[in-house]
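Novice: Dropping in start25.cif, with mmCIF, C-alpha atoms.
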```
data_data
loop_
_atom_site.label_atom_id
_atom_site.label_comp_id
_atom_site.auth_asym_id
_atom_site.auth_seq_id
_atom_site.Cartn_x
_atom_site.Cartn_y
_atom_site.Cartn_z
CA MET D 898 80.08 83.97 87.22
CA TYR D 899 81.62 87.27 86.16
CA SER D 900 82.57 87.99 89.76
CA GLY D 901 84.12 84.53 90.10
CA ASN D 902 86.24 85.05 86.98
CA PHE D 903 87.30 88.45 88.27
CA SER D 904 88.39 86.96 91.62
CA LEU D 905 90.29 84.22 89.84
CA MET D 906 92.03 86.77 87.63
CA SER D 907 92.91 88.94 90.64
CA TRP D 908 94.30 85.94 92.44
CA PHE D 909 96.31 84.94 89.34
CA LEU D 910 97.76 88.44 88.95
CA TRP D 911 98.63 88.53 92.66
CA PHE D 912 100.32 85.12 92.31
CA VAL D 913 102.31 86.26 89.25
CA PHE D 914 103.43 89.42 91.10
CA GLN D 915 104.39 87.47 94.24
CA SER D 916 106.34 84.93 92.20
CA ARG D 917 108.43 87.80 90.77
CA LEU D 918 109.37 89.00 94.26
CA MET D 919 112.74 88.03 95.61
CA LYS D 920 114.07 87.59 99.12
CA ILE D 921 116.95 89.82 100.16
CA ARG D 922 118.64 86.69 101.50
CA GLU D 923 118.87 85.36 97.91
CA VAL D 924 120.40 88.65 96.75
CA ALA D 925 122.97 88.63 99.56
CA GLU D 926 124.01 85.05 98.73
CA LEU D 927 124.18 85.73 95.00
CA LEU D 928 126.45 88.73 95.53
CA SER D 929 128.51 87.10 98.32
CA ALA D 930 127.58 90.21 100.26
CA ARG D 931 128.23 91.07 103.89
CA VAL D 932 125.10 92.04 105.78
CA VAL D 933 126.00 95.26 107.58
CA CYS D 934 122.63 95.67 109.25
CA GLY D 935 119.14 94.22 109.01
CA ASP D 936 120.07 90.53 109.52
CA ASP D 937 116.60 89.94 110.91
CA LYS D 938 114.95 91.29 107.75
CA LEU D 939 116.59 89.10 105.11
CA ASP D 940 113.27 87.44 104.28
CA HIS D 941 111.82 90.78 103.19
CA LEU D 942 110.88 90.85 99.53
CA ILE D 943 112.02 93.11 96.73
CA ALA D 944 110.32 93.60 93.38
CA TYR D 945 112.70 95.79 91.36
CA GLY D 946 116.34 96.71 91.05
CA PHE D 947 117.75 100.17 90.38
CA ALA D 948 121.44 101.05 90.05
CA SER D 949 122.66 104.63 90.31
CA ASP D 950 125.21 106.90 91.93
CA LEU D 951 123.00 109.90 91.24
CA MET D 952 120.71 110.47 94.21
CA SER D 953 118.39 112.90 92.41
CA ASP D 954 117.70 110.06 89.97
CA VAL D 955 116.85 107.75 92.89
CA LEU D 956 114.43 110.40 94.19
CA THR D 957 112.39 110.16 90.97
CA LEU D 958 111.39 106.52 91.58
CA GLU D 959 107.71 105.97 92.25
CA CYS D 960 107.53 102.18 92.68
CA GLU D 961 107.86 100.26 95.93
CA ASN D 962 110.10 97.40 97.12
CA VAL D 963 113.13 98.65 95.21
CA LEU D 964 116.67 97.35 95.76
CA LEU D 965 119.20 100.17 95.29
CA VAL D 966 122.64 99.24 93.95
CA THR D 967 125.18 102.04 94.30
CA GLY D 968 128.83 102.89 94.59
CA LEU D 969 128.05 106.15 96.36
CA CYS D 970 128.78 105.51 100.00
CA ASN D 971 127.94 108.51 102.17
CA LEU D 972 125.27 109.71 104.57
CA GLN D 973 123.21 111.23 101.76
CA THR D 974 122.81 107.79 100.18
CA ILE D 975 121.02 106.69 103.34
CA ARG D 976 119.00 109.91 103.60
CA THR D 977 117.95 109.58 99.96
CA ALA D 978 116.84 106.00 100.54
CA GLU D 979 114.90 107.13 103.61
CA MET D 980 112.99 109.76 101.60
CA ALA D 981 112.42 107.40 98.66
CA ASP D 982 111.11 104.59 100.91
CA ILE D 983 113.95 102.28 99.87
CA THR D 984 114.80 99.83 102.62
CA CYS D 985 117.59 97.78 101.04
CA ILE D 986 120.87 99.10 99.60
CA VAL D 987 123.79 97.17 98.10
CA PHE D 988 127.12 99.02 98.20
CA VAL D 989 129.42 97.72 95.47
CA ARG D 990 133.20 97.48 95.03
CA ASN D 991 134.21 97.23 98.68
CA LYS D 992 132.65 100.49 99.82
CA ILE D 993 132.49 100.53 103.61
CA VAL D 994 129.46 101.84 105.48
CA SER D 995 130.45 104.45 108.10
CA GLU D 996 129.19 104.61 111.68
CA ASP D 997 126.95 107.62 111.03
CA MET D 998 125.45 105.91 107.96
CA LEU D 999 124.83 102.79 110.01
CA SER D 1000 123.13 104.75 112.75
CA VAL D 1001 120.64 106.45 110.39
CA ALA D 1002 120.04 103.18 108.50
CA GLN D 1003 119.23 101.30 111.72
CA GLU D 1004 116.94 104.11 112.85
CA ASN D 1005 115.00 103.59 109.61
CA ASN D 1006 114.99 99.76 109.73
CA MET D 1007 117.11 99.43 106.59
CA ILE D 1008 119.05 96.46 105.28
CA LEU D 1009 122.56 97.36 104.11
CA LEU D 1010 124.75 94.98 102.10
CA GLU D 1011 128.41 95.36 101.06
CA THR D 1012 129.82 93.40 98.14
CA SER D 1013 133.27 93.31 96.57
CA TYR D 1014 131.71 92.92 93.14
CA SER D 1015 131.67 95.84 90.71
CA MET D 1016 128.49 97.65 89.74
CA TYR D 1017 128.60 95.92 86.33
CA ARG D 1018 128.97 92.44 87.80
CA THR D 1019 126.37 93.06 90.50
CA VAL D 1020 123.75 94.26 88.03
CA GLY D 1021 124.61 91.41 85.65
CA LEU D 1022 124.11 88.82 88.39
CA LEU D 1023 120.80 90.35 89.48
CA HIS D 1024 119.70 90.20 85.86
CA THR D 1025 120.41 86.46 85.73
CA ILE D 1026 117.89 85.85 88.51
CA ASN D 1027 115.30 87.99 86.68
CA LEU D 1028 115.07 90.87 89.13
CA PRO D 1029 113.10 93.34 87.01
CA PRO D 1030 114.42 96.84 86.32
CA VAL D 1031 112.35 99.88 87.34
CA PHE D 1032 112.43 101.25 83.79
CA MET S 1284 101.01 122.80 113.65
CA GLU S 1285 104.09 124.90 112.92
CA LEU S 1286 107.72 123.81 112.85
CA LYS S 1287 110.99 125.51 112.06
CA TYR S 1288 114.33 124.01 111.07
CA GLU S 1289 117.67 125.74 110.56
CA VAL S 1290 119.89 124.57 107.70
CA GLU S 1291 123.64 125.15 107.50
CA GLY S 1292 125.10 125.82 104.06
CA GLY S 1293 127.86 123.43 103.02
CA ASN S 1294 127.27 120.96 105.85
CA PHE S 1295 126.23 117.71 104.17
CA THR S 1296 126.49 115.72 107.40
CA ILE S 1297 123.21 117.19 108.62
CA ALA S 1298 121.48 117.64 105.25
CA GLY S 1299 118.21 115.76 105.42
CA ASN S 1300 117.61 116.18 109.15
CA ALA S 1301 114.64 118.48 108.58
CA SER S 1302 113.13 116.21 105.92
CA SER S 1303 113.58 113.22 108.18
CA GLY S 1304 111.85 115.02 111.06
CA VAL S 1305 108.91 116.01 108.85
CA LYS S 1306 108.60 112.46 107.53
CA LYS S 1307 108.42 111.01 111.05
CA LEU S 1308 105.79 113.57 112.03
CA LEU S 1309 103.61 112.89 108.96
CA LYS S 1310 103.77 109.17 109.69
CA GLN S 1311 102.55 109.84 113.23
CA LEU S 1312 99.70 111.87 111.74
CA ASN S 1313 98.73 108.83 109.60
CA VAL S 1314 99.12 110.67 106.30
CA ASP S 1315 98.98 108.39 103.23
CA PRO S 1316 102.54 107.00 102.67
CA LYS S 1317 102.42 107.97 98.97
CA VAL S 1318 101.63 111.57 99.89
CA ILE S 1319 104.38 111.52 102.55
CA LYS S 1320 106.87 110.38 99.93
CA ARG S 1321 105.94 113.22 97.56
CA ILE S 1322 106.24 115.78 100.37
CA VAL S 1323 109.57 114.62 101.75
CA VAL S 1324 111.19 114.10 98.35
CA ALA S 1325 110.35 117.71 97.42
CA LEU S 1326 111.45 118.97 100.84
CA TYR S 1327 114.68 116.97 100.78
CA GLU S 1328 115.60 118.32 97.33
CA GLY S 1329 114.99 121.83 98.72
CA GLU S 1330 117.02 121.16 101.84
CA VAL S 1331 119.92 119.79 99.80
CA ASN S 1332 119.72 122.86 97.55
CA VAL S 1333 120.23 125.13 100.58
CA VAL S 1334 123.20 123.05 101.77
CA ALA S 1335 124.64 122.94 98.25
CA HIS S 1336 124.20 126.55 97.19
CA ALA S 1337 123.45 128.87 100.15
CA TYR S 1338 125.24 130.13 103.27
CA LYS S 1339 122.35 129.27 105.56
CA GLY S 1340 118.61 128.81 105.49
CA ILE S 1341 115.44 128.29 107.46
CA ILE S 1342 112.63 125.85 106.69
CA TYR S 1343 109.15 126.75 107.94
CA VAL S 1344 106.57 123.97 107.99
CA ASP S 1345 102.87 124.55 108.60
CA ILE S 1346 100.53 121.53 108.67
CA ASN S 1347 96.76 121.54 108.93
CA ALA S 1348 94.11 118.91 108.16
CA GLU S 1349 94.08 119.70 104.44
CA ARG S 1350 97.62 120.55 103.42
CA ILE S 1351 101.25 121.02 104.30
CA HIS S 1352 102.79 124.40 103.54
CA ILE S 1353 106.59 124.57 103.45
CA VAL S 1354 108.69 127.70 102.98
CA ILE S 1355 112.44 127.33 102.44
CA GLU S 1356 114.25 130.65 102.80
CA ASP S 1357 117.97 130.95 102.27
CA GLU S 1358 120.70 133.57 102.36
CA GLY S 1359 122.97 132.97 99.42
CA PRO S 1360 123.90 133.91 95.88
CA GLY S 1361 120.33 133.67 94.60
CA ILE S 1362 119.17 132.42 91.21
CA PRO S 1363 119.69 134.83 88.28
CA ASP S 1364 117.36 132.99 85.88
CA ILE S 1365 114.66 130.89 87.57
CA ASP S 1366 113.26 129.52 84.29
CA LEU S 1367 116.71 128.26 83.38
CA ALA S 1368 117.16 126.76 86.86
CA MET S 1369 113.88 124.86 86.37
CA THR S 1370 115.28 123.20 83.23
CA VAL S 1371 116.16 119.55 83.71
CA GLY S 1372 119.92 119.13 83.47
CA TYR S 1373 120.88 122.75 84.19
CA SER S 1374 123.13 123.01 87.24
CA THR S 1375 125.67 125.33 88.82
CA ALA S 1376 126.62 122.83 91.52
CA SER S 1377 130.22 122.45 92.66
CA ALA S 1378 132.30 119.31 92.32
CA LYS S 1379 131.77 118.66 96.05
CA VAL S 1380 127.99 118.66 95.61
CA ARG S 1381 128.27 116.28 92.65
CA GLU S 1382 130.43 113.95 94.75
CA MET S 1383 127.52 113.73 97.19
CA GLY S 1384 125.25 112.40 94.42
CA PHE S 1385 123.48 115.65 93.57
CA GLY S 1386 124.00 118.60 91.21
CA ALA S 1387 122.60 117.01 88.05
CA GLY S 1388 120.02 119.73 87.52
CA MET S 1389 117.10 117.63 88.72
CA GLY S 1390 116.33 119.28 92.07
CA LEU S 1391 113.83 122.02 91.18
CA PRO S 1392 112.10 119.93 88.45
CA ASN S 1393 111.77 117.08 90.94
CA MET S 1394 110.28 119.47 93.51
CA LYS S 1395 107.78 120.73 90.92
CA ARG S 1396 106.77 117.16 90.06
CA ASN S 1397 106.12 116.25 93.69
CA ALA S 1398 104.41 119.39 95.01
CA ASP S 1399 100.90 120.55 94.20
CA VAL S 1400 102.11 124.16 94.25
CA LEU S 1401 105.68 125.37 93.80
CA LYS S 1402 106.67 129.04 93.87
CA VAL S 1403 110.26 130.22 93.57
CA SER S 1404 111.45 133.78 94.02
CA SER S 1405 115.00 134.98 94.25
CA ALA S 1406 117.16 138.08 94.59
CA VAL S 1407 120.69 137.81 93.23
CA GLY S 1408 123.24 138.31 95.98
CA LYS S 1409 120.62 137.99 98.73
CA GLY S 1410 118.89 134.64 98.58
CA THR S 1411 116.03 132.45 97.44
CA VAL S 1412 112.57 131.61 98.76
CA VAL S 1413 110.91 128.34 97.72
CA GLU S 1414 107.31 127.72 98.69
CA LEU S 1415 105.76 124.25 98.50
CA ILE S 1416 102.15 123.28 99.10
CA THR S 1417 100.94 119.68 99.01
CA TYR S 1418 97.41 118.56 99.80
CA LEU S 1419 97.24 115.65 102.22
CA SER S 1420 94.35 113.77 100.62
CA ASN S 1421 94.34 112.64 97.01
#
```
Would you kindly transcribe this structure into structure tokens?
Specialist:
Amino acid sequence: MYSGNFSLMSWFLWFVFQSRLMKIREVAELLSARVVCGDDKLDHLIAYGFASDLMSDVLTLECENVLLVTGLCNLQTIRTAEMADITCIVFVRNKIVSEDMLSVAQENNMILLETSYSMYRTVGLLHTINLPPVF
Amino acid sequence: MELKYEVEGGNFTIAGNASSGVKKLLKQLNVDPKVIKRIVVALYEGEVNVVAHAYKGIIYVDINAERIHIVIEDEGPGIPDIDLAMTVGYSTASAKVREMGFGAGMGLPNMKRNADVLKVSSAVGKGTVVELITYLSN
């Protein structure tokens, strides 16, 4: 009986966690974003959002399935994401991904999105669909 | 297994190449992904520090079944006060480094948080040696 209740609780918690996950496709549509690479991975799920232009701050994250929102568009953004196990990045305010960034991102199976929206608007929209913050 | 990577001071286009190589190797060795993340985050912070502050550097990596031992040696200005450099928020980084998303005084503290052992020694006007040890099983 105890074991049955425990299994039911585990299943419930798993269900609650899964229901909080969001497809990257939904994020891309919400932000009217261009998919730069990773079109075949838009059904991957994310659990948290984190917005920063400070890469050392990104390197402190310990959770998984994080969507990074940033205005910092250079090769170190991609390298930081690689080290932090972040597979999806949204570049805000019309920042354009360069060829060398694209090459490293593809090598690491990342999904890169570009949106014209500002950081403020992007984060606000993600908040409306209840994407939880890391902190 | 021993590896060696050269790092060029000031060249942000190749910063992270060593960390990326080590990450790929640890994956092939089936190390726990959480342990890999701790190792490469610490290594990457160290690699970026060499690019940001030194003229050049060498990263030595030694892996055995129990642990990874990394030594990052650079030729550069050195660190006059290591305790101060370990303080969160203290930084001497240039505007160029800050433009790259670093230089907020989080590098060494972040390395300390992610490594099981961190040793830093430095000679002003000569360079800095950072030693990192991380055990591969929790």
Novice: Taking (118.1, 131.0, 87.3) as a centre in this file's frame and 10 Å as the limit, can you find every polymer residue with an atom that close, using all atoms listed in the file, and give them as a PDB file with C-alpha atoms, in the coordinates of the input?
Specialist:
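Generated file (point_2.pdb):
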```pdb
ATOM      1  CA  GLY S1361     120.330 133.670  94.600  1.00  0.00           C
ATOM      2  CA  ILE S1362     119.170 132.420  91.210  1.00  0.00           C
ATOM      3  CA  PRO S1363     119.690 134.830  88.280  1.00  0.00           C
ATOM      4  CA  ASP S1364     117.360 132.990  85.880  1.00  0.00           C
ATOM      5  CA  ILE S1365     114.660 130.890  87.570  1.00  0.00           C
ATOM      6  CA  ASP S1366     113.260 129.520  84.290  1.00  0.00           C
ATOM      7  CA  LEU S1367     116.710 128.260  83.380  1.00  0.00           C
ATOM      8  CA  ALA S1368     117.160 126.760  86.860  1.00  0.00           C
ATOM      9  CA  MET S1369     113.880 124.860  86.370  1.00  0.00           C
ATOM     10  CA  THR S1370     115.280 123.200  83.230  1.00  0.00           C
ATOM     11  CA  TYR S1373     120.880 122.750  84.190  1.00  0.00           C
ATOM     12  CA  SER S1374     123.130 123.010  87.240  1.00  0.00           C
ATOM     13  CA  THR S1375     125.670 125.330  88.820  1.00  0.00           C
ATOM     14  CA  SER S1404     111.450 133.780  94.020  1.00  0.00           C
ATOM     15  CA  SER S1405     115.000 134.980  94.250  1.00  0.00           C
ATOM     16  CA  VAL S1407     120.690 137.810  93.230  1.00  0.00           C
TER      17      VAL S1407
END
```
Novice: May I ask which of the residues D:Lys938, D:Arg931, D:His1024, D:Arg976 is the closest one to chain S, counting all atoms listed in the file?
Specialist: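 Going through D:Lys938, D:Arg931, D:His1024, D:Arg976 one by one, the smallest distance to chain S is for D:Arg976.
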Novice: Per residue of chain D within 6 Å of chain S, record the nearest atom pair and its distance in Å to one decimal, counting all atoms listed in the file, with rows in chain order and ascending residue number, as a Markdown table.
Specialist:
```
| residue | atom | partner | partner_atom | distance |
| --- | --- | --- | --- | --- |
| D:Leu951 | CA | S:Gly1384 | CA | 4.6 |
| D:Met952 | CA | S:Gly1384 | CA | 4.9 |
| D:Ser953 | CA | S:Phe1385 | CA | 5.9 |
| D:Met980 | CA | S:Val1324 | CA | 5.7 |
```
Novice: Restrict the selected residues to C-alpha atoms and save them as a PDB file, keeping the file's coordinate frame.
Specialist:
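After the write, part_1.pdb holds the following:
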```pdb
ATOM      1  CA  LEU D 951     123.000 109.900  91.240  1.00  0.00           C
ATOM      2  CA  MET D 952     120.710 110.470  94.210  1.00  0.00           C
ATOM      3  CA  SER D 953     118.390 112.900  92.410  1.00  0.00           C
ATOM      4  CA  MET D 980     112.990 109.760 101.600  1.00  0.00           C
TER       5      MET D 980
END
```
Novice: Atom CA of Glu1285 of chain S and atom CA of Asp1345 of chain S, how far apart in Å?
Specialist: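 Distance reported for this atom pair: 4.5 Å.
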Novice: Counting only C-alpha atoms, I want the residues whose atoms come within 8 Å of (123.1, 101.7, 107.1) in the file frame, returned as a VMD selection string.
Specialist: chain D and resid 933 to 934 975 994 to 995 998 to 1003 1007 to 1009
Novice: Using the chain letters and numbers from the file, give me the residues hit by the PyMOL selection byres ((chain D and resi 948) around 10), as a list in words.
Specialist: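 So the PyMOL selection byres ((chain D and resi 948) around 10) ends up selecting Gly946, Phe947, Ser949, Asp950, Leu951, Asp954, Val955, Leu964, Leu965, Val966, Thr967, Gly968, Ile986, Val987, Met1016, Tyr1017, Thr1019, Val1020, Pro1030 and Val1031 of chain D.
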Novice: Filtering to C-alpha atoms, could segment 1292-1418 of chain S of the supplied structure be written out as a tab-separated table (two decimals), in the first residue's frame?
Specialist:
```tsv
chain	number	residue	atom	x	y	z
S	1292	GLY	CA	46.49	35.75	-24.94
S	1293	GLY	CA	43.98	38.24	-26.33
S	1294	ASN	CA	42.59	35.89	-28.98
S	1295	PHE	CA	38.94	35.37	-28.08
S	1296	THR	CA	38.16	33.61	-31.35
S	1297	ILE	CA	39.85	30.44	-30.11
S	1298	ALA	CA	39.08	30.81	-26.39
S	1299	GLY	CA	37.26	27.67	-25.32
S	1300	ASN	CA	38.90	25.30	-27.81
S	1301	ALA	CA	40.78	23.46	-25.07
S	1302	SER	CA	37.69	23.21	-22.84
S	1303	SER	CA	35.66	21.95	-25.77
S	1304	GLY	CA	38.26	19.29	-26.56
S	1305	VAL	CA	38.36	18.11	-22.94
S	1306	LYS	CA	34.56	17.97	-22.80
S	1307	LYS	CA	34.38	15.78	-25.90
S	1308	LEU	CA	37.03	13.46	-24.49
S	1309	LEU	CA	35.29	13.11	-21.10
S	1310	LYS	CA	32.04	12.28	-22.89
S	1311	GLN	CA	33.83	9.52	-24.81
S	1312	LEU	CA	35.14	8.22	-21.49
S	1313	ASN	CA	31.53	8.03	-20.20
S	1314	VAL	CA	32.16	10.35	-17.26
S	1315	ASP	CA	28.97	11.46	-15.45
S	1316	PRO	CA	27.60	14.53	-17.34
S	1317	LYS	CA	27.25	16.49	-14.08
S	1318	VAL	CA	30.93	15.91	-13.30
S	1319	ILE	CA	31.87	16.85	-16.88
S	1320	LYS	CA	29.99	20.12	-16.51
S	1321	ARG	CA	31.83	21.00	-13.29
S	1322	ILE	CA	35.20	20.20	-14.89
S	1323	VAL	CA	34.67	22.11	-18.12
S	1324	VAL	CA	33.09	25.16	-16.47
S	1325	ALA	CA	36.15	25.49	-14.21
S	1326	LEU	CA	38.53	24.85	-17.11
S	1327	TYR	CA	36.73	27.28	-19.41
S	1328	GLU	CA	36.86	30.05	-16.78
S	1329	GLY	CA	40.61	29.37	-16.49
S	1330	GLU	CA	41.10	29.36	-20.25
S	1331	VAL	CA	39.21	32.65	-20.62
S	1332	ASN	CA	41.34	34.12	-17.81
S	1333	VAL	CA	44.51	33.34	-19.79
S	1334	VAL	CA	43.05	34.89	-22.95
S	1335	ALA	CA	41.81	37.91	-20.99
S	1336	HIS	CA	44.84	38.65	-18.83
S	1337	ALA	CA	47.99	36.86	-20.06
S	1338	TYR	CA	50.28	36.95	-23.11
S	1339	LYS	CA	50.15	33.20	-23.61
S	1340	GLY	CA	49.58	30.02	-21.67
S	1341	ILE	CA	49.65	26.24	-21.67
S	1342	ILE	CA	47.01	23.89	-20.29
S	1343	TYR	CA	48.16	20.46	-19.13
S	1344	VAL	CA	45.48	17.83	-18.61
S	1345	ASP	CA	46.11	14.49	-16.92
S	1346	ILE	CA	43.23	12.01	-16.62
S	1347	ASN	CA	43.20	8.71	-14.79
S	1348	ALA	CA	40.38	6.46	-13.55
S	1349	GLU	CA	39.87	8.48	-10.37
S	1350	ARG	CA	40.44	12.12	-11.22
S	1351	ILE	CA	41.30	14.80	-13.72
S	1352	HIS	CA	44.27	17.01	-12.94
S	1353	ILE	CA	44.52	20.29	-14.86
S	1354	VAL	CA	47.37	22.79	-14.69
S	1355	ILE	CA	46.96	26.16	-16.39
S	1356	GLU	CA	50.27	28.02	-16.66
S	1357	ASP	CA	50.48	31.47	-18.15
S	1358	GLU	CA	53.07	34.13	-18.91
S	1359	GLY	CA	51.59	37.46	-18.00
S	1360	PRO	CA	51.31	40.23	-15.43
S	1361	GLY	CA	50.54	37.84	-12.57
S	1362	ILE	CA	48.18	38.43	-9.65
S	1363	PRO	CA	49.48	40.76	-6.90
S	1364	ASP	CA	46.86	39.75	-4.32
S	1365	ILE	CA	45.37	36.27	-4.82
S	1366	ASP	CA	42.93	36.57	-1.89
S	1367	LEU	CA	41.55	39.75	-3.42
S	1368	ALA	CA	41.32	38.09	-6.84
S	1369	MET	CA	39.27	35.29	-5.26
S	1370	THR	CA	36.69	37.83	-4.04
S	1371	VAL	CA	33.44	37.76	-6.00
S	1372	GLY	CA	33.09	40.98	-7.96
S	1373	TYR	CA	36.77	41.98	-7.95
S	1374	SER	CA	38.12	42.34	-11.49
S	1375	THR	CA	40.91	44.02	-13.41
S	1376	ALA	CA	39.50	43.04	-16.80
S	1377	SER	CA	39.64	45.42	-19.74
S	1378	ALA	CA	36.63	46.86	-21.54
S	1379	LYS	CA	37.27	44.38	-24.39
S	1380	VAL	CA	37.00	41.43	-22.01
S	1381	ARG	CA	33.77	42.82	-20.54
S	1382	GLU	CA	32.36	43.19	-24.05
S	1383	MET	CA	32.88	39.44	-24.47
S	1384	GLY	CA	30.62	38.75	-21.47
S	1385	PHE	CA	33.33	38.21	-18.87
S	1386	GLY	CA	35.32	40.33	-16.41
S	1387	ALA	CA	32.72	40.54	-13.64
S	1388	GLY	CA	35.02	39.06	-11.02
S	1389	MET	CA	33.36	35.65	-11.02
S	1390	GLY	CA	36.02	33.53	-12.75
S	1391	LEU	CA	38.21	32.32	-9.88
S	1392	PRO	CA	35.27	31.95	-7.42
S	1393	ASN	CA	33.42	29.94	-10.06
S	1394	MET	CA	36.49	27.73	-10.57
S	1395	LYS	CA	36.72	27.16	-6.80
S	1396	ARG	CA	33.04	26.20	-6.65
S	1397	ASN	CA	33.38	23.63	-9.43
S	1398	ALA	CA	36.73	22.00	-8.61
S	1399	ASP	CA	37.44	19.64	-5.73
S	1400	VAL	CA	40.89	21.20	-5.33
S	1401	LEU	CA	41.99	24.63	-6.54
S	1402	LYS	CA	45.50	26.00	-6.03
S	1403	VAL	CA	46.62	29.36	-7.37
S	1404	SER	CA	50.16	30.69	-7.29
S	1405	SER	CA	51.47	33.75	-9.03
S	1406	ALA	CA	54.58	35.88	-9.53
S	1407	VAL	CA	53.98	39.51	-10.44
S	1408	GLY	CA	55.46	40.31	-13.83
S	1409	LYS	CA	56.00	36.64	-14.68
S	1410	GLY	CA	52.74	34.73	-14.64
S	1411	THR	CA	50.20	32.57	-12.86
S	1412	VAL	CA	49.75	28.85	-12.28
S	1413	VAL	CA	46.28	27.47	-11.55
S	1414	GLU	CA	45.90	23.84	-10.56
S	1415	LEU	CA	42.52	22.10	-10.62
S	1416	ILE	CA	41.69	18.60	-9.44
S	1417	THR	CA	38.24	17.06	-9.80
S	1418	TYR	CA	37.34	13.50	-8.85
```
